[in-house]
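Here the structure is laid out as structure tokens; the discussion comes afterwards.
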Amino acid sequence: QKEVEQDPGPLSVPEGAIVSLNCTYSNSAFQYFMWYRQYSRKGPELLMYTYSSGNKEDGRFTAQVDKSSKYISLFIRDSQPSDSATYLCALQTDSWGKLQFGAGTQVVVTP
Amino acid sequence: DTGVSQNPRHKITKRGQNVTFRCDPISEHNRLYWYRQTLGQGPEFLTYFQNEAQLEKSRLLSDRFSAERPKGSFSTLEIQRTEQGDSAMYLCASSLGDPQNIQYFGAGTRLSVL
């Protein structure tokens, strides 16, 4: 079993819909949680960073962490075709260390 | 552009050849990470530097792989005697080492071993 599980998709939604993405993890030592966006043939770009349970909002993006259930989510409101990309969750056990990524979920927003 | 720079962007080589990739981190970032990403998967950690010191190596980094960061600035990743299984995107990231230690990624070097 992988330490971080993420549904690879693809997830297809119409423009304007809410996109809901999630990851589950097995190692309770993970303390830092991130979401990266990766366009085709590009490097990952950080979207959200959090280290506590609860919600964090930034514009159209909301990250949710539930440490008790070992479950993290990313919501994208008012989705746009430009949001079409692969979304990767990334976790760390300590702030200086390596990132443990999920497999990534491919999102397609259709006009 | 002051982001993480990786060269070359794409490398095609024949099996058994040696290849070297370069990563130039964001200026003043003291931490530098190498990851490998295969199609349909998330990046996997390979190794990490704090300044010029290599602090951690993954079991994925076989004896054919070596990474250096000689002056604590740019880094190189060399693969000797390449195999078809080495075909992947090699990503470099750097961070400032502040409490959040956010890692910023380059565009990657795509290696194709024929």
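In the structure tokens, each chain is lettered A, B, ... as it comes, each chain's residues begin at 1, and ligands are numbered from 1 in order of appearance.
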
Quick one: residues within 8 Å of segment 89-99 of chain A, only C-alpha atoms counted, chain neighbours fewer than 2 positions away excluded, as an mmCIF file with N, CA, C and O atoms, in the first residue's frame?
data_model
loop_
_atom_site.group_PDB
_atom_site.id
_atom_site.type_symbol
_atom_site.label_atom_id
_atom_site.label_comp_id
_atom_site.auth_asym_id
_atom_site.auth_seq_id
_atom_site.Cartn_x
_atom_site.Cartn_y
_atom_site.Cartn_z
ATOM 1 N N GLN A 6 -4.134 8.713 -4.169
ATOM 2 C CA GLN A 6 -4.863 9.780 -4.856
ATOM 3 C C GLN A 6 -5.457 9.193 -6.128
ATOM 4 O O GLN A 6 -4.761 8.500 -6.877
ATOM 5 N N ASN A 22 -9.137 14.822 -3.609
ATOM 6 C CA ASN A 22 -8.771 14.361 -2.280
ATOM 7 C C ASN A 22 -7.620 13.369 -2.311
ATOM 8 O O ASN A 22 -7.325 12.756 -3.338
ATOM 9 N N CYS A 23 -6.985 13.238 -1.162
ATOM 10 C CA CYS A 23 -5.918 12.266 -0.932
ATOM 11 C C CYS A 23 -6.122 11.658 0.444
ATOM 12 O O CYS A 23 -6.591 12.337 1.360
ATOM 13 N N ALA A 29 2.630 10.457 10.869
ATOM 14 C CA ALA A 29 3.747 11.390 11.082
ATOM 15 C C ALA A 29 3.709 12.574 10.110
ATOM 16 O O ALA A 29 4.434 13.549 10.301
ATOM 17 N N PHE A 30 2.903 12.490 9.068
ATOM 18 C CA PHE A 30 2.814 13.620 8.140
ATOM 19 C C PHE A 30 2.215 14.821 8.874
ATOM 20 O O PHE A 30 1.171 14.710 9.508
ATOM 21 N N GLN A 31 2.894 15.957 8.785
ATOM 22 C CA GLN A 31 2.471 17.150 9.517
ATOM 23 C C GLN A 31 2.205 18.348 8.599
ATOM 24 O O GLN A 31 1.591 19.316 9.037
ATOM 25 N N TYR A 32 2.724 18.288 7.373
ATOM 26 C CA TYR A 32 2.615 19.433 6.462
ATOM 27 C C TYR A 32 1.977 18.936 5.173
ATOM 28 O O TYR A 32 2.360 17.882 4.650
ATOM 29 N N PHE A 33 1.027 19.727 4.662
ATOM 30 C CA PHE A 33 0.200 19.270 3.554
ATOM 31 C C PHE A 33 0.140 20.345 2.478
ATOM 32 O O PHE A 33 -0.130 21.507 2.765
ATOM 33 N N MET A 34 0.384 19.932 1.258
ATOM 34 C CA MET A 34 0.419 20.870 0.150
ATOM 35 C C MET A 34 -0.366 20.340 -1.038
ATOM 36 O O MET A 34 -0.555 19.133 -1.183
ATOM 37 N N TRP A 35 -0.783 21.258 -1.856
ATOM 38 C CA TRP A 35 -1.356 20.931 -3.159
ATOM 39 C C TRP A 35 -0.549 21.665 -4.226
ATOM 40 O O TRP A 35 -0.322 22.875 -4.124
ATOM 41 N N TYR A 36 -0.112 20.913 -5.213
ATOM 42 C CA TYR A 36 0.605 21.472 -6.354
ATOM 43 C C TYR A 36 -0.239 21.268 -7.616
ATOM 44 O O TYR A 36 -0.970 20.287 -7.738
ATOM 45 N N TYR A 87 -3.395 17.751 -10.593
ATOM 46 C CA TYR A 87 -3.276 18.272 -9.235
ATOM 47 C C TYR A 87 -2.658 17.192 -8.347
ATOM 48 O O TYR A 87 -3.153 16.063 -8.281
ATOM 49 N N PHE A 101 4.554 12.564 -2.630
ATOM 50 C CA PHE A 101 3.467 12.961 -3.506
ATOM 51 C C PHE A 101 2.458 11.843 -3.714
ATOM 52 O O PHE A 101 2.799 10.642 -3.689
ATOM 53 N N GLY A 102 1.202 12.240 -3.959
ATOM 54 C CA GLY A 102 0.236 11.322 -4.524
ATOM 55 C C GLY A 102 0.498 11.187 -6.011
ATOM 56 O O GLY A 102 1.353 11.876 -6.582
ATOM 57 N N GLY A 104 -1.370 12.067 -8.397
ATOM 58 C CA GLY A 104 -1.912 13.176 -9.174
ATOM 59 C C GLY A 104 -3.261 12.835 -9.780
ATOM 60 O O GLY A 104 -3.491 11.696 -10.193
ATOM 61 N N TYR B 33 16.632 19.947 -3.995
ATOM 62 C CA TYR B 33 16.078 18.598 -4.024
ATOM 63 C C TYR B 33 16.025 18.094 -5.468
ATOM 64 O O TYR B 33 15.749 18.863 -6.387
ATOM 65 N N PHE B 45 11.072 11.282 -4.540
ATOM 66 C CA PHE B 45 12.288 11.886 -3.998
ATOM 67 C C PHE B 45 13.518 11.058 -4.350
ATOM 68 O O PHE B 45 13.514 9.830 -4.244
ATOM 69 N N TYR B 48 18.749 15.159 -1.585
ATOM 70 C CA TYR B 48 18.539 16.509 -1.061
ATOM 71 C C TYR B 48 19.856 17.074 -0.532
ATOM 72 O O TYR B 48 20.657 16.347 0.070
ATOM 73 N N GLY B 97 14.610 27.305 3.161
ATOM 74 C CA GLY B 97 14.897 26.737 4.457
ATOM 75 C C GLY B 97 14.248 27.485 5.604
ATOM 76 O O GLY B 97 14.587 27.281 6.754
ATOM 77 N N PRO B 99 10.893 28.459 8.037
ATOM 78 C CA PRO B 99 10.029 27.487 8.705
ATOM 79 C C PRO B 99 9.072 26.757 7.778
ATOM 80 O O PRO B 99 8.792 25.580 7.993
ATOM 81 N N GLN B 100 8.583 27.436 6.749
ATOM 82 C CA GLN B 100 7.662 26.748 5.848
ATOM 83 C C GLN B 100 8.388 25.902 4.820
ATOM 84 O O GLN B 100 7.818 24.930 4.321
ATOM 85 N N ASN B 101 9.624 26.256 4.477
ATOM 86 C CA ASN B 101 10.433 25.453 3.550
ATOM 87 C C ASN B 101 9.674 25.087 2.285
ATOM 88 O O ASN B 101 9.666 23.932 1.862
#

Skip Glu44 of chain B itself and residues of its chain fewer than 4 positions away, then list as a PDB file with N, CA, C and O atoms, in the first residue's frame all residues within 7 Å of it, counting only C-alpha atoms.
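Below is the file that was written, result_22.pdb:
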ATOM      1  N   TYR B  35      13.996  15.104  -7.753  1.00  0.00           N
ATOM      2  CA  TYR B  35      12.903  14.140  -7.798  1.00  0.00           C
ATOM      3  C   TYR B  35      12.870  13.519  -9.195  1.00  0.00           C
ATOM      4  O   TYR B  35      13.334  14.114 -10.162  1.00  0.00           O
ATOM      5  N   ARG B  36      12.247  12.359  -9.291  1.00  0.00           N
ATOM      6  CA  ARG B  36      12.034  11.708 -10.587  1.00  0.00           C
ATOM      7  C   ARG B  36      10.543  11.443 -10.738  1.00  0.00           C
ATOM      8  O   ARG B  36       9.893  10.988  -9.791  1.00  0.00           O
ATOM      9  N   GLN B  37      10.015  11.715 -11.940  1.00  0.00           N
ATOM     10  CA  GLN B  37       8.596  11.536 -12.191  1.00  0.00           C
ATOM     11  C   GLN B  37       8.403  10.724 -13.460  1.00  0.00           C
ATOM     12  O   GLN B  37       8.885  11.114 -14.525  1.00  0.00           O
TER      13      GLN B  37
END

Taking only C-alpha atoms into account, which residues of chain B are within 10 Å of chain A, as a VMD selection string? chain B and resid 4 9 31 33 to 35 37 to 48 50 55 to 56 58 89 to 93 95 to 110

Of the listed residues B:Ser5, B:Ser112, B:Thr20, B:Thr13, that which approaches Phe74 of chain B most closely, counting only C-alpha atoms: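 Of B:Ser5, B:Ser112, B:Thr20, B:Thr13, the one nearest Phe74 of chain B, counting only C-alpha atoms, is B:Ser5.
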
Skip Arg22 of chain B itself and residues of its chain fewer than 5 positions away, then list as a PyMOL selection string all residues within 8 Å of it, counting only C-alpha atoms. chain B and resi 6-8+74-77

Please produce a file of the residues just selected, as a compact mmCIF listing (two decimals), in the first residue's frame, where the atoms kept are N, CA, C and O atoms.
# COMPACT_ATOMS: atom_id res chain seq x y z
N GLN B 6 16.49 24.44 -15.17
CA GLN B 6 17.03 23.11 -15.43
C GLN B 6 17.44 23.00 -16.90
O GLN B 6 16.71 23.43 -17.79
N ASN B 7 18.60 22.38 -17.11
CA ASN B 7 19.10 22.16 -18.46
C ASN B 7 19.75 20.79 -18.58
O ASN B 7 20.38 20.32 -17.63
N PRO B 8 19.60 20.14 -19.74
CA PRO B 8 18.72 20.54 -20.84
C PRO B 8 17.26 20.27 -20.51
O PRO B 8 16.96 19.65 -19.51
N PHE B 74 24.66 25.72 -7.93
CA PHE B 74 24.01 24.81 -8.87
C PHE B 74 24.30 23.37 -8.47
O PHE B 74 25.22 23.07 -7.68
N SER B 75 23.52 22.46 -9.03
CA SER B 75 23.71 21.03 -8.76
C SER B 75 23.70 20.27 -10.07
O SER B 75 23.10 20.71 -11.06
N THR B 76 24.38 19.15 -10.08
CA THR B 76 24.34 18.25 -11.24
C THR B 76 23.89 16.87 -10.79
O THR B 76 24.18 16.43 -9.67
N LEU B 77 23.17 16.21 -11.67
CA LEU B 77 22.75 14.82 -11.46
C LEU B 77 23.28 14.02 -12.64
O LEU B 77 22.96 14.33 -13.79

Proximity to Ile18 of chain A - best of A:Asp83, A:Asp66, A:Glu3, A:Asp58, only C-alpha atoms: A:Asp83

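Atom to atom, atom CA of Glu28 of chain B and atom CA of Arg37 of chain A stand 24.4 Å apart.
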
Out of B:Gln17, B:Ser94, B:Asn51, B:Thr2, which residue has the shortest atom-to-atom distance to Lys71 of chain B when counting only C-alpha atoms?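 Using only C-alpha atoms, Lys71 of chain B sits closest to B:Asn51.
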
Coordinates-based distance that separates atom CA of Glu57 of chain A from atom CA of Ile76 of chain A (Å, one decimal): 10.1 Å

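As for atom CA of Ser28 of chain A and atom CA of Lys67 of chain A, they are spaced 7.7 Å apart.
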
Could you find all residues in chain B that DSSP calls strand (DSSP E) from the backbone, and write them as a PyMOL selection string? chain B and resi 5-7+10-13+19-24+31-37+44-50+53-57+65-68+75-79+88-95+104-105+109-113
